[in-house]
Structure formats: structure tokens, C-alpha cells
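Quick look at work.cif (mmCIF, C-alpha atoms):
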data_query
loop_
_atom_site.label_atom_id
_atom_site.label_comp_id
_atom_site.auth_asym_id
_atom_site.auth_seq_id
_atom_site.Cartn_x
_atom_site.Cartn_y
_atom_site.Cartn_z
CA MET P 1 241.89 125.90 304.04
CA GLN P 2 240.31 129.19 305.10
CA LYS P 3 240.90 130.57 301.61
CA ARG P 4 238.97 127.71 300.07
CA ILE P 5 236.10 128.28 302.49
CA ARG P 6 235.98 132.00 301.57
CA ILE P 7 235.92 131.18 297.87
CA SER P 8 233.05 128.72 298.41
CA ARG P 9 231.10 131.24 300.44
CA ASN P 10 231.60 133.92 297.78
CA PHE P 11 230.44 131.51 295.06
CA VAL P 12 227.33 130.60 297.02
CA LEU P 13 226.46 134.26 297.57
CA VAL P 14 226.91 135.14 293.89
CA PHE P 15 224.90 132.08 292.76
CA ALA P 16 222.10 132.94 295.18
CA ALA P 17 221.96 136.52 293.91
CA VAL P 18 221.73 135.37 290.30
CA VAL P 19 218.94 132.93 291.17
CA CYS P 20 216.99 135.58 293.06
CA PHE P 21 217.37 138.07 290.21
CA THR P 22 216.24 135.48 287.68
CA LEU P 23 213.15 134.61 289.70
CA ALA P 24 212.31 138.27 290.29
CA VAL P 25 212.29 139.23 286.60
CA PRO P 26 209.25 137.82 284.63
CA THR P 27 210.12 136.10 281.40
CA LYS P 28 208.82 137.28 278.02
CA PRO P 29 206.65 134.21 277.27
CA LEU P 30 204.77 134.76 280.54
CA ASN P 31 204.01 138.37 279.61
CA SER P 32 202.81 137.27 276.17
CA TYR P 33 200.60 134.60 277.70
CA GLU P 34 199.04 137.03 280.15
CA SER P 35 198.46 139.59 277.40
CA LEU P 36 196.74 137.08 275.13
CA ASN P 37 194.40 136.02 277.91
CA ALA P 38 193.58 139.48 279.26
CA VAL P 39 189.85 139.87 279.90
CA LEU P 40 188.42 142.94 278.16
CA ALA P 41 184.82 142.52 279.29
CA ILE P 42 182.49 140.17 281.13
CA VAL P 43 178.95 139.72 279.79
CA GLY P 44 176.80 137.73 282.18
CA PRO P 45 178.65 134.42 282.59
CA LYS P 46 180.78 134.96 279.48
CA SER P 47 184.14 136.72 279.21
CA ILE P 48 185.64 138.47 276.19
CA SER P 49 189.43 138.14 275.98
CA THR P 50 192.13 139.73 273.90
CA LEU P 51 192.13 136.59 271.76
CA ASP P 52 188.39 137.02 271.16
CA TYR P 53 189.04 140.63 270.16
CA GLU P 54 191.81 139.73 267.70
CA GLU P 55 189.56 137.15 266.03
CA GLY P 56 186.61 139.54 266.11
CA VAL P 57 188.35 142.38 264.26
CA GLU P 58 188.41 140.61 260.91
CA ARG P 59 184.87 139.24 261.36
CA TYR P 60 183.59 142.71 262.18
CA LYS P 61 185.29 144.26 259.14
CA ASN P 62 183.62 141.68 256.88
CA LEU P 63 180.17 141.91 258.48
CA SER P 64 179.87 145.56 259.55
CA ARG P 65 178.42 146.69 256.21
CA PHE P 66 175.29 144.73 257.10
CA PHE P 67 174.86 146.67 260.36
CA PRO P 68 172.85 149.91 260.67
CA ASN P 69 174.91 153.09 260.95
CA TYR P 70 173.53 153.95 264.38
CA ARG P 71 175.25 150.83 265.75
CA LYS P 72 178.66 152.00 264.49
CA LYS P 73 179.84 154.36 267.23
CA GLY P 74 183.33 155.41 268.20
CA SER P 75 186.61 153.98 267.04
CA LEU P 76 187.01 150.64 265.29
CA HIS P 77 188.38 149.24 268.55
CA SER P 78 185.22 150.15 270.48
CA GLN P 79 182.95 149.02 267.65
CA VAL P 80 184.56 145.57 267.76
CA ILE P 81 184.09 145.41 271.56
CA ASP P 82 180.40 146.33 271.13
CA PHE P 83 180.08 143.73 268.36
CA LEU P 84 181.48 141.02 270.65
CA ILE P 85 179.25 142.10 273.54
CA ASP P 86 176.15 141.98 271.32
CA ARG P 87 177.07 138.52 270.08
CA ALA P 88 177.62 137.34 273.65
CA VAL P 89 174.17 138.67 274.63
CA VAL P 90 172.56 136.68 271.80
CA ASP P 91 174.51 133.54 272.76
CA ILE P 92 173.43 133.82 276.40
CA VAL P 93 169.73 134.26 275.62
CA ALA P 94 169.89 131.44 273.03
CA GLU P 95 171.31 129.13 275.69
CA GLU P 96 168.57 130.18 278.11
CA GLU P 97 165.99 129.30 275.45
CA SER P 98 167.70 125.93 274.78
CA ILE P 99 168.55 126.91 271.20
CA GLN P 100 171.30 124.50 270.21
CA VAL P 101 173.35 124.97 267.05
CA ASN P 102 175.52 121.91 266.54
CA GLU P 103 177.20 120.57 263.42
CA LYS P 104 174.10 118.63 262.32
CA ARG P 105 171.94 121.75 262.67
CA ILE P 106 174.37 123.72 260.49
CA GLU P 107 174.43 120.96 257.86
CA ALA P 108 170.62 120.89 257.83
CA GLU P 109 170.48 124.67 257.38
CA ILE P 110 172.91 124.55 254.46
CA GLN P 111 170.88 121.76 252.82
CA LYS P 112 167.65 123.74 253.30
CA ARG P 113 169.16 126.76 251.60
CA MET P 114 170.54 124.65 248.76
CA ASP P 115 167.11 123.09 248.21
CA ALA P 116 165.46 126.53 248.20
CA GLN P 117 167.82 127.64 245.42
CA GLY P 118 167.53 124.39 243.50
CA ILE P 119 171.26 123.67 243.94
CA SER P 120 172.57 120.16 244.55
CA ASP P 121 176.32 120.78 244.24
CA LEU P 122 178.07 122.24 247.32
CA GLU P 123 180.73 124.05 245.27
CA GLN P 124 178.01 125.74 243.22
CA PHE P 125 176.28 126.75 246.46
CA LYS P 126 179.52 128.26 247.78
CA LYS P 127 179.79 130.42 244.66
CA SER P 128 176.13 131.41 245.02
CA VAL P 129 176.71 132.49 248.63
CA GLN P 130 179.76 134.53 247.67
CA ASN P 131 177.84 136.29 244.89
CA GLN P 132 174.74 136.87 247.01
CA PHE P 133 176.43 138.24 250.12
CA ASN P 134 179.74 139.38 248.63
CA LEU P 135 181.48 137.43 251.37
CA PRO P 136 184.04 134.62 251.37
CA TYR P 137 182.18 131.37 252.02
CA ASP P 138 184.26 130.64 255.14
CA ILE P 139 183.23 133.96 256.69
CA TRP P 140 179.56 133.28 255.89
CA LEU P 141 179.80 129.76 257.33
CA ASP P 142 181.46 131.06 260.50
CA ASP P 143 178.56 133.48 260.99
CA LEU P 144 175.83 130.92 260.21
CA PRO P 145 175.36 129.71 263.84
CA TYR P 146 174.60 133.30 264.88
CA GLN P 147 172.13 133.71 262.00
CA ILE P 148 170.35 130.48 263.04
CA LYS P 149 170.10 131.71 266.65
CA LYS P 150 168.87 135.08 265.43
CA GLY P 151 166.16 133.43 263.34
CA GLN P 152 164.98 131.36 266.30
CA LEU P 153 164.99 134.34 268.67
CA LEU P 154 163.00 136.40 266.17
CA GLN P 155 160.25 133.81 266.46
CA ILE P 156 160.14 133.49 270.24
CA LYS P 157 161.47 136.81 271.59
CA VAL P 158 160.82 139.46 268.95
CA SER P 159 157.51 140.33 267.27
CA PRO P 160 158.19 142.62 264.29
CA PRO P 161 155.04 144.34 262.93
CA LEU P 162 153.73 143.55 259.46
CA PRO P 163 154.15 146.34 256.87
CA SER P 164 151.02 148.40 256.32
CA GLU P 165 149.41 149.01 252.93
CA GLN P 166 150.49 152.64 253.18
CA GLU P 167 154.12 151.58 253.68
CA VAL P 168 153.91 149.22 250.68
CA GLN P 169 152.40 151.93 248.47
CA SER P 170 154.94 154.51 249.63
CA TRP P 171 157.89 152.19 248.92
CA TYR P 172 156.50 151.36 245.47
CA ASN P 173 156.06 155.05 244.58
CA LYS P 174 159.64 155.85 245.61
CA ASN P 175 161.25 152.82 243.97
CA LYS P 176 159.49 152.28 240.64
CA SER P 177 162.85 152.28 238.90
CA LYS P 178 163.95 149.37 241.11
CA VAL P 179 160.93 147.18 240.41
CA GLY P 180 161.54 147.64 236.68
CA ASN P 181 159.11 147.34 233.78
CA GLU P 182 156.85 144.75 232.32
CA PHE P 183 156.69 144.02 228.59
CA LYS P 184 154.27 142.89 225.96
CA PHE P 185 156.33 141.47 223.10
CA ARG P 186 156.53 138.99 220.26
CA GLU P 187 159.38 136.56 219.91
CA LEU P 188 160.78 134.57 217.00
CA VAL P 189 162.98 131.59 217.88
CA PHE P 190 164.99 129.37 215.50
CA SER P 191 167.31 126.49 216.43
CA PRO P 192 170.29 125.59 214.22
CA ALA P 193 170.05 122.18 212.56
CA ASN P 194 173.61 121.42 213.61
CA GLY P 195 176.58 123.07 215.30
CA SER P 196 178.46 124.02 212.13
CA ILE P 197 179.64 127.57 211.55
CA GLU P 198 177.81 127.61 208.21
CA GLU P 199 174.47 126.75 209.85
CA GLU P 200 174.98 129.32 212.60
CA SER P 201 175.82 131.98 210.04
CA ARG P 202 172.84 131.06 207.84
CA LEU P 203 170.36 131.42 210.71
CA PHE P 204 171.87 134.70 211.85
CA ASN P 205 171.63 136.16 208.35
CA GLU P 206 168.07 134.90 207.89
CA LEU P 207 166.87 136.50 211.13
CA THR P 208 168.73 139.70 210.29
CA GLU P 209 166.87 139.85 206.98
CA ILE P 210 163.53 139.23 208.74
CA ARG P 211 164.38 142.06 211.17
CA ASN P 212 165.17 144.49 208.35
CA LYS P 213 161.88 143.73 206.58
CA SER P 214 159.90 143.91 209.82
CA ILE P 215 161.23 147.39 210.69
CA ASN P 216 159.42 148.68 207.59
CA ASP P 217 156.40 146.42 208.06
CA PRO P 218 155.80 145.12 211.65
CA SER P 219 152.89 142.99 210.41
CA PHE P 220 155.46 140.90 208.52
CA PHE P 221 157.10 139.95 211.82
CA LYS P 222 153.73 138.84 213.25
CA LEU P 223 153.18 136.69 210.14
CA VAL P 224 156.58 134.95 210.44
CA ALA P 225 156.18 134.52 214.24
CA SER P 226 152.88 132.70 213.59
CA GLY P 227 154.57 130.25 211.21
CA PRO P 228 155.49 126.62 211.94
CA ARG P 229 159.21 127.33 212.14
CA ASN P 230 158.86 129.51 215.21
CA GLU P 231 159.87 127.44 218.24
CA SER P 232 158.41 129.87 220.75
CA ARG P 233 155.90 128.30 223.14
CA TYR P 234 153.64 131.23 222.19
CA ARG P 235 153.71 130.48 218.44
CA LEU P 236 149.94 129.76 218.26
CA ASN P 237 149.40 133.32 219.50
CA GLY P 238 151.75 134.79 216.93
CA GLY P 239 154.68 134.60 219.34
CA LEU P 240 152.95 137.12 221.62
CA VAL P 241 153.99 137.20 225.30
CA ASN P 242 151.35 139.26 227.08
CA TRP P 243 152.59 141.61 229.83
CA VAL P 244 155.24 139.93 231.91
CA PRO P 245 157.51 141.71 234.46
CA THR P 246 161.19 141.43 233.63
CA PHE P 247 161.96 139.86 237.04
CA GLU P 248 159.43 137.10 236.33
CA LEU P 249 160.73 136.55 232.78
CA TYR P 250 164.27 136.40 234.12
CA LYS P 251 163.42 133.21 236.04
CA THR P 252 162.81 131.26 232.81
CA GLN P 253 164.40 133.35 230.05
CA PRO P 254 167.23 135.43 231.53
CA SER P 255 168.79 136.30 228.15
CA THR P 256 165.49 137.51 226.71
CA ALA P 257 164.78 139.55 229.86
CA SER P 258 168.18 141.24 229.62
CA VAL P 259 167.69 142.04 225.93
CA LEU P 260 164.24 143.57 226.55
CA ALA P 261 165.64 145.78 229.31
CA GLN P 262 168.41 146.98 227.01
CA VAL P 263 166.19 147.61 223.96
CA GLY P 264 163.33 149.32 225.85
CA GLY P 265 160.59 151.31 224.18
CA GLN P 266 157.42 150.36 222.37
CA GLY P 267 157.71 149.52 218.66
CA LYS P 268 161.40 148.57 218.80
CA PHE P 269 163.12 145.43 217.53
CA SER P 270 166.06 143.76 219.23
CA GLU P 271 169.16 142.72 217.40
CA VAL P 272 169.52 138.98 216.71
CA PHE P 273 170.70 137.24 219.89
CA ARG P 274 171.20 133.75 221.27
CA ASP P 275 169.17 132.65 224.28
CA ASP P 276 170.19 130.34 227.13
CA ARG P 277 169.40 127.28 225.00
CA LYS P 278 171.72 128.47 222.21
CA ARG P 279 168.78 129.29 219.94
CA TYR P 280 168.71 132.36 217.68
CA CYS P 281 166.05 134.88 218.68
CA LEU P 282 164.46 138.16 217.71
CA VAL P 283 161.93 140.13 219.78
CA TYR P 284 159.57 142.99 218.95
CA ILE P 285 158.29 145.17 221.83
CA GLU P 286 154.59 145.97 221.49
CA GLY P 287 154.26 147.58 224.90
CA MET P 288 156.30 148.64 227.94
CA ARG P 289 155.14 150.09 231.26
CA PRO P 290 156.25 150.23 234.91
CA THR P 291 155.54 146.97 236.72
CA PRO P 292 152.17 147.51 238.47
CA LEU P 293 151.98 147.31 242.24
CA ASP P 294 149.81 144.18 242.26
CA ALA P 295 152.54 142.26 240.44
CA VAL P 296 155.18 143.10 243.06
CA ARG P 297 153.08 143.57 246.21
CA LYS P 298 154.17 140.30 247.85
CA GLY P 299 157.81 140.98 247.06
CA ILE P 300 157.64 144.47 248.58
CA GLN P 301 155.83 143.16 251.66
CA GLY P 302 158.53 140.53 252.13
CA PHE P 303 161.32 143.10 251.69
CA LEU P 304 159.76 145.55 254.17
CA PHE P 305 159.09 142.78 256.68
CA ARG P 306 162.74 141.67 256.58
CA GLU P 307 163.74 145.30 257.21
CA LYS P 308 161.37 145.45 260.19
CA GLU P 309 162.76 142.15 261.46
CA GLN P 310 166.29 143.56 261.37
CA THR P 311 165.28 146.81 263.10
CA SER P 312 163.20 145.01 265.72
CA PHE P 313 166.03 142.57 266.44
CA GLU P 314 168.58 145.38 266.83
CA GLU P 315 166.23 147.14 269.27
CA TRP P 316 165.73 143.90 271.19
CA VAL P 317 169.50 143.41 271.52
CA VAL P 318 169.87 146.96 272.89
CA VAL P 319 167.13 146.45 275.50
CA THR P 320 168.39 142.99 276.48
CA ARG P 321 171.93 144.31 276.78
CA LYS P 322 170.81 147.07 279.15
CA ASN P 323 169.27 144.49 281.46
CA MET P 324 172.31 142.21 281.50
CA ALA P 325 175.29 142.46 283.87
CA ILE P 326 178.21 143.79 281.82
CA THR P 327 181.59 144.78 283.20
CA ILE P 328 184.15 146.53 281.01
CA PHE P 329 187.91 146.26 281.66
CA ASP P 330 189.25 147.46 278.32
CA PRO P 331 190.99 150.82 278.99
CA ILE P 332 190.42 152.18 275.47
CA TYR P 333 186.67 151.50 275.63
CA ILE P 334 186.42 152.92 279.17
CA LYS P 335 188.19 156.15 278.18
CA GLU P 336 186.27 156.57 274.93
CA HIS P 337 182.88 156.11 276.60
CA ASN P 338 183.79 158.07 279.77
CA ILE P 339 182.91 155.13 281.99
CA ASN P 340 183.59 155.95 285.63
CA ASN P 341 182.26 152.65 286.90
CA PRO P 342 183.46 149.64 284.87
CA GLU P 343 180.06 148.04 285.36
CA GLU P 344 178.68 149.36 282.08
CA LYS P 345 175.01 149.82 281.30
CA TYR P 346 174.75 150.18 277.53
CA ASN P 347 173.04 153.35 276.29
CA SER P 348 172.15 153.47 272.62
CA ASP P 349 171.69 157.28 272.67
#
Please lay out the structure from this file as C-alpha cells.
Amino acid sequence: MQKRIRISRNFVLVFAAVVCFTLAVPTKPLNSYESLNAVLAIVGPKSISTLDYEEGVERYKNLSRFFPNYRKKGSLHSQVIDFLIDRAVVDIVAEEESIQVNEKRIEAEIQKRMDAQGISDLEQFKKSVQNQFNLPYDIWLDDLPYQIKKGQLLQIKVSPPLPSEQEVQSWYNKNKSKVGNEFKFRELVFSPANGSIEEESRLFNELTEIRNKSINDPSFFKLVASGPRNESRYRLNGGLVNWVPTFELYKTQPSTASVLAQVGGQGKFSEVFRDDRKRYCLVYIEGMRPTPLDAVRKGIQGFLFREKEQTSFEEWVVVTRKNMAITIFDPIYIKEHNINNPEEKYNSD
């Protein structure tokens, strides 16, 4: 009887020890959960967690090429933390200003941009976005709420200065190669009577023959371009298009604009080419010169103003961040920035 009691007591003691040991040692899922929810920083009422950081890394890698170099300080880890802090600052001020970006607001913004580009098909718009920003559409869409908030804050919180005439003139003088040239040229346009190979070949050969004759006698080209067969809208003026910048011509005749840029030079003929309406064309350049400032003034002003908007907004974020309560807990960021007190006041210097 006593033996049985001893065995029972021993069993109870061993069982109790196992239970205590099990309770004392944290399980792996708990550690993982705590790690995923670790707070790296607190910005005003918002916290930035490890999960936020993990999601932010890929976003930052895709978007960082749009940021000025002076905002890219330290390691990638610290740059991502700064990126998330800046975004939190913008979110907080947007909320204070009652700027709401819900699903309907995003849909309206997408529709507005589609209308501005003359696009009615969403898939076509997605391709346009990818080509324009060199970004996957999903990344662009994920960043759209921030861009909407930024646009609203630029209107009510930031006042970027307008570019001066001196700044416009200076940019034009330094970037004449970027604004391109304008051309004075004659065009000859023939449409095939049908889609047969024979008809296509006949027109090509006919225009090639006209080109060969015109090289020796440019007045012959003017004569043909004034004839009834020329389908150019400028036929009554001998096919003459009088001084048009290539960027303007590209809006209505992209193929012709590309050919002119390739041929270049006064007194030169293009090879026979097909335009965007599948017509056979030939152009003769009567004049070429750098696009004058007056023709591109508004475009330069708009470009410089957008640059000033970006710079002014970045400066506003820096100032607003300095005046906001920010506490850093991330050990890598603290060590890299030599922060003695975790309550960080951002210094852009």
C-alpha cells in the first residue's frame, strides 16, 4: 500500500515538473507573433510595425527613384523607416484637414485621368500607366491614395512659387536639344485603291520614282504635291506645312513626326513610308530650326512648376515632421542615426 502511494507521489511530482517547464518556455508561434507585431516607431497617433516595414520595403524600392537624392540617407533599412514615417506624417495631416480618400474617390481619380488621356478602356489605361511611370499598375494604384492626399495638401498647405521668366529662359537655353526642332515641309500622300499586294507595290514604286525625279528637281515635287491626287490636307498650298514643332505634329501625325526627326536637314527627302492611316507618304524638308521659346513656353512653365511643387512639398514634409511627436524603437535606425533619446526630432541636414 505504501509502495503504491510512493509511486503516485513520484508521478505527481514528475508531472508537475513537466507542466512547469512547459509553461516556463515560450512557444515558437508566440515569438513569431510578437516579432511580426513589434513597433518600430510611433508617429503622432500612428504606429509603424514590423509588418508595415516588410510591406514598405518593396514599395520603397519601386518608388524611390522618384525621390530626390537628399532624401535617401543611410542604409536601405533606415531609408524605408524614413519613408514610412513621412507617409504617416502626410496621412495624419490629411486626416486633420478632413481629406478622405475612399474607394469612390479613387475610382473618380482614375476616370479623370482616363478622360484626360482620351482613354475609355481600363486595360488600355493600365498599359498607359505602366509605360508612363515604368511601374506595375498594382504598385501605381496602391500609391494613388497618397498622391491624391499630396495633391490636396499642395493646395491648402503648400504654396510653391511660380517659375520666373529668367528660370524659363535659362531652362530653354540649357535644354534646346530636349525641346527638339520645328519643320517647314511639303508632304505627298497617296492611299491604295485596295489592300492587294499589287496595289501596294504599285504605289510604293510610283512614289519612289517621284522621289528620284524630285531629288534632281525639287520644283517637280511641289508640282505633284499641288495635284488632285495628293490627299494631304495642305494640298491647296502645294502640300506645304508651315513651321510646326515635332511635339505638336506628333499629336496628329506621329509617323510623319518620327520620319522628319530621322531625316533632318533642309533640302532633304524622306524615303517612302506609311503613315498611321496606312497611306503611302513622302516628305520634303524646306526648313528646320530649334523650336522657338514662344512655342514651348507654357510647357516649360508647367514642367518647372511641377518641379517646384515637388521640392516645396518635400520641404513641407521635413518641417511638419520636425514639429510632430516621433518616437523611434528600431535598434538599427537608432544606432545608425546616433539617437540617444528615442524621441527623435528629424533633422534633414
Open item on the list: Which polymer residues, whether protein, DNA or RNA, lie within 9 Å of the coordinate (188.6, 148.9, 261.2) when you count all atoms listed in the file? List them as a list of chain:residue names, using the chain letters and numbers from the file.
Closed with: P:Val57, P:Glu58, P:Tyr60, P:Lys61, P:Ser75, P:Leu76, P:His77, P:Gln79, P:Val80
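Of the listed residues P:Pro292, P:Arg306, P:Asp138, P:Glu314, the one whose atoms come nearest to Tyr172 (chain P) is P:Pro292, with distances taken using only C-alpha atoms.
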TODO: Would you kindly return, as a PyMOL selection string, each protein, DNA or RNA residue with an atom no farther than 10 Å from any atom of region 113-126 of chain P, considering all atoms listed in the file and excluding same-chain residues fewer than 6 positions away?
DONE: chain P and resi 132+136-138+140-141
Open item on the list: Could you check which residues have any atom within 10 Å of (153.5, 140.2, 215.0), counting all atoms listed in the file with coordinates taken straight from the file, and then list them as a ChimeraX atom specification?
Closed with: /P:185-188,214,217-226,237-240,283-286
Let's have the selection written as a short mmCIF file (atom, residue, chain, number, x, y, z; two decimals), in the frame of the given file, with C-alpha atoms.
data_model
loop_
_atom_site.label_atom_id
_atom_site.label_comp_id
_atom_site.auth_asym_id
_atom_site.auth_seq_id
_atom_site.Cartn_x
_atom_site.Cartn_y
_atom_site.Cartn_z
CA PHE P 185 156.33 141.47 223.10
CA ARG P 186 156.53 138.99 220.26
CA GLU P 187 159.38 136.56 219.91
CA LEU P 188 160.78 134.57 217.00
CA SER P 214 159.90 143.91 209.82
CA ASP P 217 156.40 146.42 208.06
CA PRO P 218 155.80 145.12 211.65
CA SER P 219 152.89 142.99 210.41
CA PHE P 220 155.46 140.90 208.52
CA PHE P 221 157.10 139.95 211.82
CA LYS P 222 153.73 138.84 213.25
CA LEU P 223 153.18 136.69 210.14
CA VAL P 224 156.58 134.95 210.44
CA ALA P 225 156.18 134.52 214.24
CA SER P 226 152.88 132.70 213.59
CA ASN P 237 149.40 133.32 219.50
CA GLY P 238 151.75 134.79 216.93
CA GLY P 239 154.68 134.60 219.34
CA LEU P 240 152.95 137.12 221.62
CA VAL P 283 161.93 140.13 219.78
CA TYR P 284 159.57 142.99 218.95
CA ILE P 285 158.29 145.17 221.83
CA GLU P 286 154.59 145.97 221.49
#
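Taking only C-alpha atoms, the non-local environment of Arg279 (chain P) within 10 Å (same-chain residues fewer than 6 positions away omitted) comprises P:Val189, P:Phe190, P:Ser191, P:Pro192, P:Glu200, P:Leu203, P:Glu231, P:Phe273.
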Open item on the list: Please determine, counting all atoms listed in the file, which residue among P:Glu167, P:Glu271, P:Glu307, P:Asp276 has the shortest atom-to-atom distance to Thr252 (chain P).
Closed with: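 Checking each of P:Glu167, P:Glu271, P:Glu307, P:Asp276 against Thr252 (chain P), counting all atoms listed in the file, the winner is P:Asp276.
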TODO: Given the file shown, enumerate the residues that the PyMOL selection byres ((chain P and resi 149) around 9) captures and present them as a list in words.
DONE: Val90, Asp91, Ala94, Ile99, Gln100, Val101, Leu144, Pro145, Tyr146, Gln147, Ile148, Lys150, Gly151, Gln152, Leu153 and Leu154 of chain P
Once 5 Å is added on each side, what centre and edge lengths in Å to one decimal does the axis-aligned box around all listed atoms of region 258-265 of chain P have, as JSON?
{"center_x": 164.5, "center_y": 146.3, "center_z": 226.8, "size_x": 17.8, "size_y": 20.1, "size_z": 15.7}
May I have a table of the residues of region 231-330 of chain P lying at most 12 Å from region 68-72 of chain P, giving each one's closest pair of atoms and their distance in Å to one decimal, counting only C-alpha atoms, ordered by chain and ascending residue number, as CSV?
residue,atom,partner,partner_atom,distance
P:Glu307,CA,P:Pro68,CA,10.8
P:Gln310,CA,P:Pro68,CA,9.2
P:Thr311,CA,P:Pro68,CA,8.5
P:Ser312,CA,P:Pro68,CA,11.9
P:Phe313,CA,P:Pro68,CA,11.6
P:Glu314,CA,P:Arg71,CA,8.7
P:Glu315,CA,P:Arg71,CA,10.4
P:Val317,CA,P:Arg71,CA,11.0
P:Val318,CA,P:Arg71,CA,9.7
Task: Result set, the PyMOL selection byres ((chain P and resi 52-55) around 10) on current file, as a ChimeraX atom specification - done: /P:36-40,47-51,56-60,77,80-81,83-84
Task: Two-atom distance - CA of Val168 (chain P), CA of Ile300 (chain P) (Å) - done: 6.4 Å
- [ ] Run the PyMOL selection byres ((chain P and resi 242-249) around 7) against the file shown and list the residues it catches, as a ChimeraX atom specification.
- [x] /P:180-185,240-241,250-254,257,291
Task: Interatomic distance (Å, one decimal) between CA of Gly264 (chain P) and CA of Arg297 (chain P) - done: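 Distance reported for this atom pair: 23.5 Å.
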Open item on the list: Please compute the CA of Arg87 (chain P)-CA of Lys127 (chain P) distance, one decimal, in Å.
Closed with: 26.8 Å
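Taking only C-alpha atoms into account, Ile92 (chain P) lies nearest to P:Gly44 out of the set P:Lys213, P:Gly44, P:Glu165, P:Phe269.
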- [ ] Compare P:Phe67, P:Val129, P:Trp316, P:Gly265 by their minimum atom-to-atom distance to Ile156 (chain P), counting only C-alpha atoms, and give me the closest one.
- [x] P:Trp316
Open item on the list: Show me, as a VMD selection string, the residues that have an atom within 12 Å of Ser201 (chain P) when counting all atoms listed in the file, minus same-chain residues fewer than 6 positions from it.
Closed with: chain P and resid 191 to 195 207 to 208 272 280
